[in-house]
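start37.txt (compact mmCIF, C-alpha atoms) appears below.
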```txt
# COMPACT_ATOMS: atom_id res chain seq x y z
CA MET A 713 -7.68 -3.64 -60.35
CA LYS A 714 -6.80 -7.29 -60.88
CA SER A 715 -5.08 -7.34 -57.49
CA LEU A 716 -8.19 -5.91 -55.81
CA LEU A 717 -10.42 -8.52 -57.46
CA PHE A 718 -8.01 -11.25 -56.43
CA ILE A 719 -8.09 -10.09 -52.76
CA CYS A 720 -11.91 -9.92 -52.82
CA ALA A 721 -12.04 -13.44 -54.24
CA ILE A 722 -9.78 -14.73 -51.46
CA LEU A 723 -11.88 -13.05 -48.74
CA THR A 724 -15.11 -14.36 -50.24
CA THR A 725 -13.73 -17.89 -50.48
CA ALA A 726 -12.43 -17.76 -46.90
CA ALA A 727 -15.75 -16.44 -45.55
CA SER A 728 -17.79 -19.08 -47.37
CA HIS A 729 -15.44 -21.78 -46.13
CA TYR A 730 -15.71 -20.89 -42.46
CA ILE A 731 -19.28 -19.55 -42.21
CA ASP A 732 -22.29 -21.60 -43.22
CA ILE A 733 -24.70 -18.77 -43.98
CA ASP A 734 -27.67 -21.13 -44.31
CA LYS A 735 -27.24 -22.25 -40.71
CA LEU A 736 -27.19 -18.73 -39.28
CA SER A 737 -30.97 -18.38 -39.62
CA SER A 738 -31.51 -21.62 -37.69
CA VAL A 739 -29.57 -20.55 -34.59
CA LYS A 740 -31.94 -20.59 -31.63
CA GLU A 741 -32.14 -17.71 -29.24
CA VAL A 742 -30.79 -18.61 -25.82
CA THR A 743 -33.18 -17.91 -22.96
CA PRO A 744 -31.24 -16.63 -19.94
CA THR A 745 -31.82 -18.43 -16.66
CA ARG A 746 -33.43 -16.70 -13.69
CA GLY A 747 -32.39 -17.33 -10.14
CA GLN A 748 -29.57 -19.68 -11.14
CA PRO A 749 -26.06 -19.06 -9.76
CA TRP A 750 -22.96 -19.34 -11.89
CA PRO A 751 -20.50 -21.03 -11.61
CA LEU A 752 -22.64 -23.96 -10.55
CA PRO A 753 -22.25 -24.60 -6.79
CA GLN A 754 -21.05 -27.93 -5.47
CA GLN A 755 -24.54 -28.76 -4.19
CA ILE A 756 -27.75 -26.91 -4.96
CA ASP A 757 -31.44 -27.70 -4.72
CA ILE A 758 -34.11 -25.22 -5.85
CA GLU A 759 -37.85 -25.80 -5.48
CA GLN A 760 -40.85 -24.18 -7.17
CA THR A 761 -42.09 -22.33 -4.10
CA TYR A 762 -40.73 -18.84 -3.65
CA PHE A 763 -40.76 -15.65 -1.61
CA THR A 764 -41.30 -12.21 -3.02
CA ILE A 765 -38.91 -9.44 -2.05
CA GLN A 766 -39.59 -5.73 -2.07
CA PRO A 767 -36.29 -3.83 -2.02
CA SER A 768 -37.50 -1.11 0.35
CA ASN A 769 -38.47 -3.75 2.93
CA PHE A 770 -35.41 -6.01 2.64
CA SER A 771 -32.20 -5.93 4.69
CA PHE A 772 -29.26 -8.07 5.73
CA SER A 773 -29.27 -9.10 9.39
CA TYR A 774 -25.74 -9.13 10.74
CA THR A 775 -24.59 -8.18 14.23
CA GLY A 776 -20.84 -8.61 13.80
CA GLY A 777 -18.37 -5.77 13.47
CA CYS A 778 -16.54 -6.81 10.30
CA ASP A 779 -16.21 -3.68 8.16
CA LEU A 780 -15.40 -5.79 5.11
CA LEU A 781 -18.71 -7.59 5.39
CA ASN A 782 -20.74 -4.49 6.30
CA ASP A 783 -19.43 -2.73 3.19
CA ALA A 784 -20.17 -5.80 1.06
CA MET A 785 -23.77 -5.98 2.25
CA GLN A 786 -24.37 -2.35 1.31
CA ARG A 787 -22.81 -3.02 -2.10
CA TYR A 788 -24.93 -6.11 -2.71
CA LEU A 789 -28.16 -4.35 -1.87
CA LYS A 790 -27.50 -2.20 -4.93
CA ILE A 791 -26.36 -5.14 -7.05
CA ILE A 792 -29.34 -7.35 -6.23
CA PHE A 793 -32.02 -4.77 -6.87
CA GLN A 794 -31.00 -3.40 -10.25
CA ASP A 795 -33.80 -2.92 -12.76
CA GLY A 796 -32.84 -5.45 -15.41
CA CYS A 797 -29.85 -4.31 -17.47
CA SER A 798 -30.47 -0.60 -16.98
CA GLY A 799 -28.30 -0.45 -13.88
CA SER A 800 -30.79 1.77 -12.02
CA SER A 801 -31.62 0.76 -8.47
CA SER A 802 -35.03 -0.27 -7.12
CA LEU A 803 -34.04 0.20 -3.48
CA ASN A 804 -36.19 3.26 -2.85
CA LYS A 805 -38.95 2.50 -5.33
CA GLN A 806 -42.37 1.36 -4.19
CA PRO A 807 -44.01 -1.14 -6.57
CA LYS A 808 -47.36 -0.17 -7.99
CA ASN A 809 -50.26 -2.61 -8.29
CA VAL A 810 -48.39 -5.72 -7.19
CA LYS A 811 -49.86 -8.58 -9.17
CA ASN A 812 -51.11 -11.85 -7.69
CA MET A 813 -48.00 -13.88 -7.01
CA GLY A 814 -49.65 -17.30 -7.59
CA ILE A 815 -50.11 -20.47 -5.56
CA ASN A 816 -46.36 -21.09 -5.13
CA SER A 817 -45.78 -17.80 -3.35
CA LEU A 818 -44.86 -18.09 0.33
CA GLY A 819 -45.24 -14.39 1.06
CA GLN A 820 -42.49 -11.85 1.55
CA LEU A 821 -38.88 -12.36 2.59
CA ASN A 822 -37.62 -9.34 4.50
CA SER A 823 -34.10 -10.30 5.52
CA LEU A 824 -31.12 -12.59 5.08
CA TYR A 825 -29.44 -13.57 8.34
CA VAL A 826 -25.66 -13.62 7.93
CA TRP A 827 -23.66 -15.65 10.45
CA ILE A 828 -19.87 -15.78 10.59
CA PRO A 829 -18.28 -17.29 13.69
CA GLY A 830 -14.69 -16.61 12.57
CA ALA A 831 -12.58 -13.48 12.89
CA CYS A 832 -12.72 -10.65 10.37
CA GLU A 833 -9.55 -11.26 8.39
CA LYS A 834 -8.01 -8.26 6.66
CA TYR A 835 -6.51 -9.54 3.40
CA PRO A 836 -7.34 -12.56 1.23
CA TYR A 837 -4.60 -15.16 1.10
CA GLU A 838 -3.58 -18.49 -0.39
CA ASP A 839 -5.87 -21.42 0.52
CA MET A 840 -8.32 -19.22 2.42
CA ASP A 841 -11.60 -20.86 3.44
CA GLU A 842 -14.29 -19.80 0.95
CA GLN A 843 -17.04 -22.33 1.68
CA TYR A 844 -20.54 -21.17 2.56
CA LEU A 845 -24.07 -22.45 3.13
CA ILE A 846 -27.31 -20.75 2.05
CA LYS A 847 -30.72 -21.85 3.31
CA VAL A 848 -33.98 -20.37 2.10
CA ASN A 849 -37.08 -21.94 3.71
CA THR A 850 -35.47 -25.28 4.49
CA PRO A 851 -37.19 -27.68 6.94
CA ASP A 852 -34.89 -26.53 9.76
CA TYR A 853 -35.11 -22.86 8.75
CA GLN A 854 -38.69 -22.32 7.62
CA ASN A 855 -39.86 -18.99 6.20
CA LYS A 856 -36.40 -17.49 6.70
CA ALA A 857 -33.09 -17.16 4.86
CA LEU A 858 -29.61 -17.85 6.23
CA LEU A 859 -26.07 -17.37 4.95
CA TYR A 860 -23.47 -19.21 7.02
CA ALA A 861 -19.72 -19.11 6.44
CA THR A 862 -16.76 -19.71 8.70
CA THR A 863 -14.82 -16.75 7.24
CA VAL A 864 -15.59 -13.41 5.68
CA TRP A 865 -14.25 -14.74 2.36
CA GLY A 866 -16.87 -17.47 2.32
CA ALA A 867 -19.50 -14.89 3.20
CA LEU A 868 -18.49 -12.77 0.20
CA ARG A 869 -18.90 -15.77 -2.11
CA GLY A 870 -22.24 -16.52 -0.47
CA LEU A 871 -23.48 -12.96 -0.97
CA GLU A 872 -22.60 -13.24 -4.65
CA THR A 873 -24.57 -16.48 -4.97
CA PHE A 874 -27.51 -15.01 -3.06
CA SER A 875 -27.53 -12.03 -5.44
CA GLN A 876 -27.81 -14.47 -8.35
CA LEU A 877 -30.59 -16.48 -6.71
CA VAL A 878 -32.75 -13.35 -6.58
CA TYR A 879 -34.56 -12.44 -9.79
CA GLN A 880 -37.02 -9.76 -10.88
CA ILE A 881 -40.62 -10.79 -11.56
CA GLN A 882 -42.13 -7.35 -12.14
CA PRO A 883 -40.98 -3.75 -11.73
CA GLY A 884 -40.00 -3.21 -8.10
CA VAL A 885 -40.73 -6.80 -7.09
CA TYR A 886 -38.20 -9.61 -6.88
CA ALA A 887 -38.32 -13.27 -5.90
CA ILE A 888 -36.16 -16.05 -4.54
CA ASN A 889 -37.10 -19.72 -4.58
CA THR A 890 -36.92 -22.16 -1.72
CA SER A 891 -33.26 -23.15 -1.95
CA ILE A 892 -30.34 -24.79 -0.26
CA VAL A 893 -26.79 -24.21 -1.50
CA LEU A 894 -23.59 -25.75 -0.17
CA ASP A 895 -20.54 -24.51 -2.01
CA PHE A 896 -16.77 -24.46 -1.84
CA PRO A 897 -14.14 -23.94 -4.55
CA ARG A 898 -12.78 -26.82 -6.59
CA PHE A 899 -9.55 -24.88 -7.11
CA SER A 900 -8.09 -22.61 -4.44
CA PHE A 901 -6.30 -20.48 -7.06
CA ARG A 902 -8.73 -18.99 -9.61
CA GLY A 903 -6.92 -16.20 -11.37
CA LEU A 904 -7.04 -13.78 -14.25
CA LEU A 905 -3.90 -12.23 -15.77
CA LEU A 906 -3.95 -8.71 -17.16
CA ASP A 907 -0.98 -7.34 -19.11
CA THR A 908 -0.77 -3.57 -18.61
CA SER A 909 2.65 -3.14 -20.22
CA ARG A 910 1.82 -4.00 -23.82
CA HIS A 911 -1.59 -2.34 -23.56
CA PHE A 912 -2.05 0.23 -20.79
CA VAL A 913 -5.35 -0.30 -18.97
CA PRO A 914 -6.77 2.68 -17.01
CA VAL A 915 -7.57 2.04 -13.35
CA PRO A 916 -11.39 2.30 -13.80
CA LEU A 917 -11.25 -0.55 -16.33
CA ILE A 918 -9.11 -2.63 -13.97
CA LEU A 919 -11.76 -2.13 -11.29
CA GLN A 920 -14.44 -3.29 -13.73
CA ASN A 921 -12.38 -6.42 -14.30
CA LEU A 922 -12.31 -6.99 -10.54
CA ASP A 923 -16.11 -6.67 -10.43
CA ALA A 924 -16.40 -9.30 -13.16
CA MET A 925 -14.00 -11.54 -11.25
CA ALA A 926 -16.11 -11.22 -8.11
CA GLN A 927 -19.23 -12.17 -10.07
CA THR A 928 -17.54 -15.39 -11.18
CA LYS A 929 -15.87 -16.01 -7.80
CA MET A 930 -12.31 -15.64 -9.09
CA ASN A 931 -9.86 -14.76 -6.34
CA VAL A 932 -6.45 -13.80 -7.81
CA PHE A 933 -5.76 -10.75 -9.98
CA HIS A 934 -2.41 -11.55 -11.60
CA TRP A 935 -1.15 -8.08 -12.53
CA HIS A 936 1.50 -8.36 -15.26
CA ILE A 937 2.26 -4.74 -14.65
CA VAL A 938 5.54 -4.19 -16.59
CA ASP A 939 7.31 -5.82 -19.55
CA ASP A 940 9.52 -5.00 -22.56
CA PRO A 941 7.16 -2.43 -24.17
CA SER A 942 6.57 -0.16 -21.17
CA PHE A 943 7.15 0.36 -17.44
CA PRO A 944 3.99 2.01 -16.04
CA TYR A 945 4.73 1.31 -12.35
CA VAL A 946 5.83 4.49 -10.57
CA SER A 947 8.68 3.65 -8.21
CA LYS A 948 9.51 6.09 -5.45
CA THR A 949 12.99 4.61 -5.14
CA PHE A 950 13.71 4.63 -8.89
CA PRO A 951 11.38 7.24 -10.46
CA ASP A 952 13.26 7.18 -13.79
CA LEU A 953 11.91 3.69 -14.50
CA SER A 954 8.46 5.06 -15.32
CA GLU A 955 9.63 8.54 -16.35
CA LYS A 956 11.67 7.03 -19.17
CA GLY A 957 10.09 3.60 -19.54
CA ALA A 958 6.33 4.28 -19.67
CA PHE A 959 4.47 4.93 -22.92
CA ASN A 960 3.60 8.33 -21.44
CA SER A 961 4.87 9.24 -17.99
CA LYS A 962 1.95 11.64 -17.42
CA THR A 963 -1.00 9.54 -18.61
CA HIS A 964 0.11 5.90 -18.81
CA THR A 965 1.43 5.14 -15.34
CA TYR A 966 0.16 3.68 -12.07
CA SER A 967 1.02 5.73 -9.01
CA GLN A 968 1.31 3.97 -5.68
CA LYS A 969 -2.02 5.56 -4.76
CA ASP A 970 -3.56 3.97 -7.88
CA ILE A 971 -2.13 0.62 -6.86
CA ALA A 972 -3.42 1.00 -3.30
CA ASN A 973 -6.90 1.69 -4.70
CA VAL A 974 -6.76 -1.45 -6.85
CA ILE A 975 -5.58 -3.55 -3.89
CA GLU A 976 -8.33 -2.18 -1.65
CA TYR A 977 -11.00 -2.72 -4.31
CA GLY A 978 -9.84 -6.30 -4.69
CA ARG A 979 -9.65 -6.85 -0.92
CA GLN A 980 -13.27 -5.81 -0.54
CA ARG A 981 -14.18 -8.54 -3.02
CA GLY A 982 -11.91 -11.24 -1.64
CA ILE A 983 -9.42 -10.94 -4.51
CA ARG A 984 -5.65 -11.11 -4.05
CA VAL A 985 -3.54 -8.74 -6.16
CA LEU A 986 -0.47 -10.68 -7.26
CA ALA A 987 2.03 -8.40 -9.02
CA GLU A 988 4.41 -9.73 -11.66
CA PHE A 989 7.72 -8.01 -12.41
CA ASP A 990 9.07 -10.30 -15.10
CA THR A 991 12.87 -10.79 -14.82
CA PRO A 992 15.58 -11.24 -15.95
CA GLY A 993 14.15 -11.21 -19.49
CA HIS A 994 11.32 -8.97 -20.68
CA THR A 995 13.11 -5.99 -19.13
CA LEU A 996 13.91 -3.72 -22.08
CA SER A 997 11.71 -0.95 -20.64
CA TRP A 998 13.65 -1.16 -17.35
CA GLY A 999 16.92 -0.31 -19.09
CA LYS A 1000 15.58 3.03 -20.30
CA GLY A 1001 15.50 4.35 -16.75
CA GLN A 1002 18.26 2.30 -15.11
CA SER A 1003 21.67 2.51 -16.74
CA ASN A 1004 24.04 -0.47 -16.82
CA LEU A 1005 21.22 -2.84 -15.90
CA LEU A 1006 20.84 -4.75 -19.17
CA THR A 1007 23.30 -6.94 -21.04
CA PRO A 1008 24.78 -5.04 -24.04
CA CYS A 1009 24.73 -6.86 -27.36
CA TYR A 1010 27.75 -6.90 -29.68
CA SER A 1011 28.52 -7.22 -33.34
CA GLY A 1012 31.90 -8.85 -33.13
CA LYS A 1013 33.73 -6.81 -30.50
CA THR A 1014 31.66 -3.66 -30.94
CA PRO A 1015 28.41 -2.87 -29.05
CA ASN A 1016 25.57 -2.62 -31.56
CA GLY A 1017 23.13 -0.62 -29.42
CA ALA A 1018 20.82 -3.54 -28.64
CA PHE A 1019 20.32 -5.03 -25.21
CA GLY A 1020 19.46 -8.41 -23.72
CA PRO A 1021 18.22 -9.41 -20.24
CA ILE A 1022 19.41 -8.07 -16.89
CA ASP A 1023 23.19 -8.48 -16.75
CA PRO A 1024 24.03 -11.14 -14.13
CA THR A 1025 27.76 -10.34 -14.32
CA ASN A 1026 27.29 -6.78 -13.04
CA PRO A 1027 27.19 -6.54 -9.21
CA SER A 1028 25.09 -3.38 -9.46
CA SER A 1029 22.23 -5.48 -10.93
CA TYR A 1030 21.82 -7.27 -7.61
CA THR A 1031 22.03 -4.06 -5.60
CA PHE A 1032 19.30 -2.55 -7.76
CA LEU A 1033 17.05 -5.62 -7.60
CA LYS A 1034 17.37 -5.91 -3.83
CA SER A 1035 16.36 -2.28 -3.34
CA PHE A 1036 13.59 -2.34 -5.94
CA LEU A 1037 12.00 -5.58 -4.74
CA SER A 1038 12.16 -4.34 -1.16
CA GLU A 1039 9.97 -1.43 -2.24
CA ILE A 1040 7.56 -3.78 -4.03
CA GLY A 1041 7.19 -5.74 -0.81
CA THR A 1042 5.94 -2.62 0.96
CA VAL A 1043 3.52 -1.62 -1.83
CA PHE A 1044 1.81 -4.99 -2.31
CA PRO A 1045 0.60 -6.74 0.88
CA GLU A 1046 0.32 -10.07 -0.97
CA ASN A 1047 2.65 -12.78 0.36
CA TYR A 1048 4.03 -13.52 -3.12
CA ILE A 1049 5.62 -11.60 -5.99
CA HIS A 1050 5.74 -13.19 -9.44
CA LEU A 1051 9.16 -12.85 -11.09
CA GLY A 1052 8.31 -14.33 -14.48
CA GLY A 1053 11.57 -15.98 -15.47
CA ASP A 1054 10.42 -16.90 -18.96
CA GLU A 1055 11.97 -16.40 -22.40
CA VAL A 1056 15.44 -15.28 -21.31
CA SER A 1057 17.33 -14.64 -24.54
CA PHE A 1058 20.96 -15.73 -24.84
CA ASP A 1059 21.55 -13.92 -28.14
CA CYS A 1060 23.83 -11.33 -26.53
CA TRP A 1061 26.16 -13.86 -24.91
```
Encoded form (structure tokens):
Amino acid sequence: MKSLLFICAILTTAASHYIDIDKLSSVKEVTPTRGQPWPLPQQIDIEQTYFTIQPSNFSFSYTGGCDLLNDAMQRYLKIIFQDGCSGSSSLNKQPKNVKNMGINSLGQLNSLYVWIPGACEKYPYEDMDEQYLIKVNTPDYQNKALLYATTVWGALRGLETFSQLVYQIQPGVYAINTSIVLDFPRFSFRGLLLDTSRHFVPVPLILQNLDAMAQTKMNVFHWHIVDDPSFPYVSKTFPDLSEKGAFNSKTHTYSQKDIANVIEYGRQRGIRVLAEFDTPGHTLSWGKGQSNLLTPCYSGKTPNGAFGPIDPTNPSSYTFLKSFLSEIGTVFPENYIHLGGDEVSFDCW
């Protein structure tokens, strides 16, 4: 009982030390912005005048044949015209009793003209051109809206910004202010790393992460797919790696079809999928399915059953790595593979 009281006293003291309860009641509610893109573009000017938009009357105007962009425009029609946080679409809903829009209303905007002079590139890549320009009722483009980008990747970023410029003013009715946006990335590499070895992440949740990355204009999904705890990647050349190295070879693995779906989902959003196969350390899960790969540890002159990193003194290690990495090069279209190289233990030498 004394121990329990002592623990409670410690927790109470710690809580009172770090949390000022009196200040909690004075925290002000944050009012979310409307029609403001995030991250903040390089240059942006928004005026008070605005157009109303009725989802059933709005469309993207694009005459090019880029499938990547055509698919994106269909996707963004659903994203733009969601009813608040409910997730339901207003595309086919007709507004009832549209209220007076006020003196700043310029009437209805029925389309966004999308112009891309460049070729329709297939996969995102390092240092790709992501700049774009959006004009809504500018002096040289009055009563119209334009999205201009030199590449499809810039157009994707522009569509995301346009979706954030549009806001709902009443059920079934949206608005966008007179605006001009010129944007390009400050950093060409904007990545998020996800470790799926220590904590297996199902594919649907990975795709949700890619959606969130697209919303914030991130462009590299760094997939730390395997590590010491588990090997969820299913290799066709070395199937025992996942059969013996995954947490569960039936439920906690990524087939090559799963990986292709992730790559395609990222491609459609201008996101590179950069796979990391950390070597020569962090490979304990590899050794479960590939014999004689890891360095055996010794107690004196006797093996003690523990293992260190990939054994560089064994010629078969290089034969295995050459074959395995050749397969990885065919599975991931990205120009780079991340090989980790960190925290190589020398305890077994």
Within 8 Å of segment 864-877 of chain A using all atoms listed in the file, minus same-chain residues under 6 positions, as a PyMOL selection string: chain A and resi 746-750+780-781+784-785+788+791-792+826+828+830-833+836+840-846+888-889+926-927+929+981-982
Å distance separating atom CA of Gly819 of chain A from atom CA of Gln754 of chain A, one decimal place: 28.5 Å
Gap from atom CA of Thr928 of chain A to atom CA of Leu858 of chain A - Å, one decimal: 21.3 Å
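Using only C-alpha atoms for every distance, the candidate list A:Phe912, A:Tyr1030, A:Trp827, A:Tyr945 yields A:Tyr1030 as the residue closest to Pro992 of chain A.
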Gap from atom CA of Ser771 of chain A to atom CA of Ala861 of chain A - Å, one decimal: 18.2 Å
Residue contacts of Asp839 of chain A (10 Å, only C-alpha atoms) excluding same-chain residues fewer than 4 positions away, as a PyMOL selection string: chain A and resi 899-901
Same residues, C-alpha atoms, saved as an mmCIF file, keeping the file's coordinate frame:
```cif
data_model
loop_
_atom_site.group_PDB
_atom_site.id
_atom_site.type_symbol
_atom_site.label_atom_id
_atom_site.label_comp_id
_atom_site.auth_asym_id
_atom_site.auth_seq_id
_atom_site.Cartn_x
_atom_site.Cartn_y
_atom_site.Cartn_z
ATOM 1 C CA PHE A 899 -9.550 -24.880 -7.110
ATOM 2 C CA SER A 900 -8.090 -22.610 -4.440
ATOM 3 C CA PHE A 901 -6.300 -20.480 -7.060
#
```
Counting all atoms listed in the file, the option among A:Lys1034, A:Arg910, A:Arg979, A:His934 closest to Ser997 of chain A: A:Arg910
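Near Val913 of chain A, within 10 Å and counting only C-alpha atoms, sit Leu906, Asp907, Ile937, His964, Thr965 and Tyr966 of chain A; same-chain residues fewer than 6 positions away were not included.
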Shortest interatomic distance to Asp852 of chain A - which of A:Lys1000, A:Pro829, A:Ile892, A:Asp990, counting only C-alpha atoms: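 Among the listed residues, A:Ile892 lies closest to Asp852 of chain A.
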Which of A:Trp998, A:Tyr879, A:Phe763, A:Tyr1010 sits closest to Thr745 of chain A [using all atoms listed in the file]: A:Tyr879
How big is the axis-aligned box around the listed atoms of segment 1023-1041 of chain A once 6 Å is added on each side, and where is its centre? Give both in Å to one decimal, as lines of an AutoDock Vina configuration file.
```
center_x = 17.5
center_y = -6.3
center_z = -8.8
size_x = 32.6
size_y = 21.7
size_z = 27.9
```
